[in-house]
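Data block below; observations after.
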Amino acid sequence: MSLDIILILLIDGLSTGAIYLLAGLGFVLVFSVTRVIFIPSGDIAAFAALTLAAFQSRTVPGSIWLVAAMAALACLAECMTHLRNGTARRLPHAIFFYAVLPLIPCIVGLMIAKQDVPEALRIVTTMALILPMGVLIDRLTLRPLATSSTLILFIVAIAVHFLIAGIGLIVFGPEGVRTNPILDGVTTLPGGVVVPAQQILMMIVALLLSFVFYLFFGRSITGKALRATASNRVGARLMGIRPERAAATAYLIASGLAAIVGILIAPVTTMYYDSGFMIGLKASVGAIIGGMASYPITAIGSVFIGILESWASFLASDYKEIIIFSVVIPVLIWRSFAVHRDGDEEIEELA
Amino acid sequence: MIPARSFALFAVLALLALPAVAPPFLVTLMSHVGVSSLVVLGLVLLTGIGGMMSFGQAAFVGIAAYTTGWLTTALGWSPWLGLVFALALTAASALAIGAITLRLGGHFLPLSTIAWGLSIYYLFGNLEPLGRHSGMLNIPPITLGPVSFMSQTAMYYLIWTFTLLATLFCLNLLDSREGRALRLLRGGAHLMGSIGMDTFRTRLRVFVIAGILAGLAGWLYAHMTRFISPAPFEVKISIEYLLMAMTGGASQVAGATVGASLIVLIKNWLQDLLPHLTDNPAQLEQVAFALMLILILRFARSGLMPLVLKLVKRMPRPVDVQAGLLPKRRLPATGETVLEVDAVERRFGGLVAVNKVSFNVKAGEIVGLIGPNGAGKSTMFNLITGTLSVSSGTVRFLGKDTRRLSQRQIAALGCARTFQHVKLRPAMSLLDNVVGGTYLRTQAGYIKSGLKLDREEEERARLEALMRLEQVGLAERAHDLAGDLPLGQQRVLEIARALALDPVLLILDEPAAGLRKKEKDALAALLRKLRDDGLTILIVEHDMDFVMNLVDRIVVMVFGQKLREGDPTTIRRDPAVQEAYLGGLA
């Protein structure tokens with residue numbers, strides 16, 4: 001094996017790892033705030049890719065109808081909750097956030113779909129369209145169960161994946177897509193190795209966003225509120241932080257990260273309606289390495305998974321998935337010995 | 001209302017008669033129901049009762065199916081040898097996965113079973129000897145002597161024989177010593193440890209049993225369809241099994257068959273209907289099932305079984321008063337040292353919660369450990385019972401150093417406890433809750449219990465429990481649910497459970513908290529009676545009046561240190577105690 005190949009695999013792995021890193025940060029964020037392992041974030045990434053591809057081929061993306069329908073249902077659910085709780089004065093607020101805001105990108109999307117518009121507008125519209133998905137999914141499926149055990153939440157998250165992946169086929173069709181690269185061309189490294197500019201872009205975006213993430217949690221009030229909710233829900237509530245709002249913020253950020261993942265990955269990998277599951281699961285392996293709690297270790301874990309994947313596809317492509325998922329075994333063994341033994345865990349009733 | 005036995009008999013007769021009256025496709029469908037029921041039965045034990053979750057059950061089915069498929073086609077072995085190897089391999093895989101994940105909390109098991117389920121699926125699809133994605137053909141039928149299970153009807157009977165036997169095994173198991181441990185898993189590790197049960201081992205065993213049941217299903221499946229490919233062993237199918245369990249009612253053994261029947265029938269109906277409506281029937285089916293699972297979890301978490309149970313009359317099994325007695329421990333003579341706490345210290349980081357405290361408890365006395373909030377009483381309690389480990393100093397129980405012993409081992413030495421926040425299983429009867437306390441005094445294992453060979457010991461344990469209930473005055477309500485008792489009596493019930501351990505020392509954590517005056521008096525009277533019967537008692541308590549009128553000796557703790565020790569009258573007069581404890585007002 002030549003040095004060139006090693007370098008190519010390394011760069012390929014780093015750019016894949018960048019993708020898992022972004023998805024993994026979303027995972028840890030949503031889990032720490034809501035205790036939900038948000039597997040559907042992979043599907044959201046796939047939907048972002050398919051949406052952008054639809055715009056590029058001058059067709060109306062199915063996600064417009066999906067988001068509009070989810071917004072209508074979520075708005076209805078939210079209004080009914082307010083009416084039942086006697087908080088009718090908050091109805092305009094609910095309608096604005098759950099119906100009007102998500103519908104704006106839907107309308108913009110319909111307007112630009114068949115037009116010759118700049119690529120940047122397509123990307124921005126795709127982002128805006130995908131952004132509310134996490135919040136809407138949460139409102140419709142997970143929030144009503146927010147006080148349930150992690151186990152129930154996990155089953156629901158998995159069921160939501162199968163639900164929206166199935167719907168994804170109906171609204172997007174079975175064809176795989178590739179989008180036009182955001183950055184064309186290649187860079188030649190000293191030594192003669194040629195790297196596609198898109199891969200460099202993936203790494204830069206991941207680095208930048210990790211830094212923004214760090215600033216957000218370290219410095220901003222919203223970031224601190226999220227951290228407070230993650231470490232103690234009741235305590236945060238007593239401090240005036242609404243867990244529902246913290247959860248919505250977490251889902252919004254996670255959806256945004258997923259949308260970026262989808263947009264970045266679609267030029268280098270063919271995306272199908274169900275490609276998201278694997279992205280989500282591999283990112284969750286990174287998050288498991290970080291114990292579903294630590295952002296820096298998750299970041300390192302995700303990059304490691306990316307590099308492992310590019311080596312595995314090169315050396316034993318048939319067994320690539322098996323190799324990646326086997327990584328959880330040593331991690332779990334290590335965690336099971338590091339586990340804190342003094343706590344008592346009560347498991348709620350399923351029935 | 002129909003008695004449960006007649007109901008079960010009716011169901012079995014209906015299953016027997018089905019092939020005679022039903023069209024062949026329905027017989028085949030019911031064979032599939034039987035196979036699925038086996039997998040779901042495992043999920044009921046695992047999820048509905050044990051509170052664990054696995055998305056890898058379909059992978060276990062697959063391992064067994066491929067094992068027997070390969071052995072019987074490539075090597076030409078008998079399907080029965082295939083069964084042995086299939087079960088051995090599924091059990092070994094379950095043991096390995098369980099061993100590394102079951103110590104970890106909530107979400108690690110489901111996540112790693114997904115990873116495992118996917119890996120196995122890709123493995124089947126990529127291994128040449130297993131036929132890759134096109135699968136394996138011509139798997140031979142099962143034969144038993146001259147009988148061949150080639151026809152669908154013969155296979156139907158074979159499958160349901162296994163399914164009914166497995167159901168019976170699980171029902172027997174749940175009504176036994178190890179089954180009670182399984183039903184207590186949701187009460188948490190501290191409750192289980194306090195009566196000598198091992199949370200991890202119980203979890204691991206039930207995970208292996210669920211794996212074996214899935215393995216049995218896989219073996220039957222392979223020889224029923226005579227063709228296997230990776231598709232039926234996907235993670236998606238594991239979700240279907242989960243849906244079956246939730247639909248039927250995950251906490252009821254019979255729910256497995258109810259749920260499996262319903263979902264298999266719905267699936268069959270959808271597969272007839274959907275191709276007329278859409279080009280993607282498989283995905284629409286997936287959407288329908290996912291939606292169903294979400295709705296069931298939201299609106300009907302107990303599934304269909306509660307409706308079925310309304311039709312059935314179930315009588316509590318009476319306790320056999322002729323049964324023999326369980327062996328009893330020899331109690332130490334009055335005045336012998338039972339518990340010796342010597343210069344014990346416990347630090348949490350920089351905080352010293354218990355600072356060089358020493359005292360001892362002698363056989364046949366009631367000692368009270370008192371102190372204001374934050375004095376370190378609860379920490380002391382946890383150090384003695386083994387839920388926390390000491391930083392320095394020694395704790396000796398009956399002369400044995402307990403520093404390195406687990407909660408379970410300390411309980412086994414004869415140290416029983418109650419909880420400040422009552423830990424009972426509200427949906428189990430008083431009797432069942434107390435029988436749990438006899439765990440360490442009985443031996444029956446899984447196999448013995450499943451085959452109902454444990455009855456003699458089980459009857460003894462039940463009689464013992466009834467006697468303990470009588471001792472505390474709750475025998476009248478033995479068959480009521482523990483959750484229906486008022487708080488005062490729940491505390492007394494906890495004492496009965498602790499007594500079922502046949503303890504030397506009983507440690508009570510704030511037993512009077514939340515009790516009314518009359519209940520406190522009754523509790524004090526009960527404790528005095530227990531002491532007179534030779535039991536040694538240590539009470540950690542807040543309530544001064546309660547302690548003063550009850551105990552023989554008092555240890556006062558303040559800010560993690562021992563302040564005074566003496567009889568109630570001296571302590572009451574002690575100015576330092578009054579200052580610290582009562583703020584100098586008394």
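Convention: chains lettered A, B, ... in structure tokens order; per-chain residue numbering from 1; ligands numbered from 1 as shown.
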>> Based on the backbone DSSP call, show me all residues of stretch 386-487 of chain B assigned helix (DSSP H, G or I), as JSON, numbers by chain.
In response: {"B": [407, 408, 409, 410, 411, 412, 413, 430, 431, 432, 433, 434, 435, 436, 437, 438, 439, 440, 441, 446, 447, 448, 449, 450, 455, 456, 457, 458, 459, 460, 461, 462, 463, 464, 465, 466, 467, 468, 469, 470, 471, 472, 475, 476, 477, 482, 483, 484, 487]}
Contacts from chain B to chain A, 6 Å maximum, only C-alpha atoms: show me the residue list as a PDB file with C-alpha atoms, in the first residue's frame.
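Saved as part.pdb:
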ATOM      1  CA  ILE B 100     -21.261  -6.597  27.998  1.00  0.00           C
ATOM      2  CA  ARG B 103     -24.649  -3.704  33.442  1.00  0.00           C
ATOM      3  CA  LEU B 104     -25.256  -0.454  31.607  1.00  0.00           C
ATOM      4  CA  ALA B 115     -25.967  -2.570  15.882  1.00  0.00           C
ATOM      5  CA  SER B 119     -24.279  -6.686  11.639  1.00  0.00           C
ATOM      6  CA  ARG B 186     -38.360  -3.067  37.824  1.00  0.00           C
ATOM      7  CA  GLY B 187     -38.233  -2.335  41.528  1.00  0.00           C
ATOM      8  CA  GLY B 188     -34.562  -1.436  41.145  1.00  0.00           C
ATOM      9  CA  ALA B 189     -31.241  -2.876  42.251  1.00  0.00           C
ATOM     10  CA  GLN B 283     -43.107   0.489   2.615  1.00  0.00           C
ATOM     11  CA  VAL B 287     -45.656   2.992   7.729  1.00  0.00           C
ATOM     12  CA  ALA B 290     -44.782   2.105  12.785  1.00  0.00           C
ATOM     13  CA  ILE B 294     -46.545   4.824  18.206  1.00  0.00           C
ATOM     14  CA  ARG B 301     -49.737   0.758  26.693  1.00  0.00           C
ATOM     15  CA  SER B 302     -51.171  -2.340  28.336  1.00  0.00           C
TER      16      SER B 302
END
> Can you tell me, as a list in words, what residues are no more than 9 Å from stretch 152-161 of chain B when counting only C-alpha atoms, ignoring any on the same chain fewer than 6 positions away?
Replying inline: Leu15, Leu16, Pro19, Pro24, Val27, Thr28, Met30, Ser31, His32, Gly34, Val35, Pro141, Ile142, Ala217, Leu220, Tyr221, His223 and Met224 of chain B
>> Can you tell me which residues surround stretch 127-131 of chain B at a distance of at most 9 Å, considering only C-alpha atoms, apart from same-chain residues fewer than 2 positions away, and format the answer as a ChimeraX atom specification?
In response: /B:66,69-70,74,122-125,133-137,229
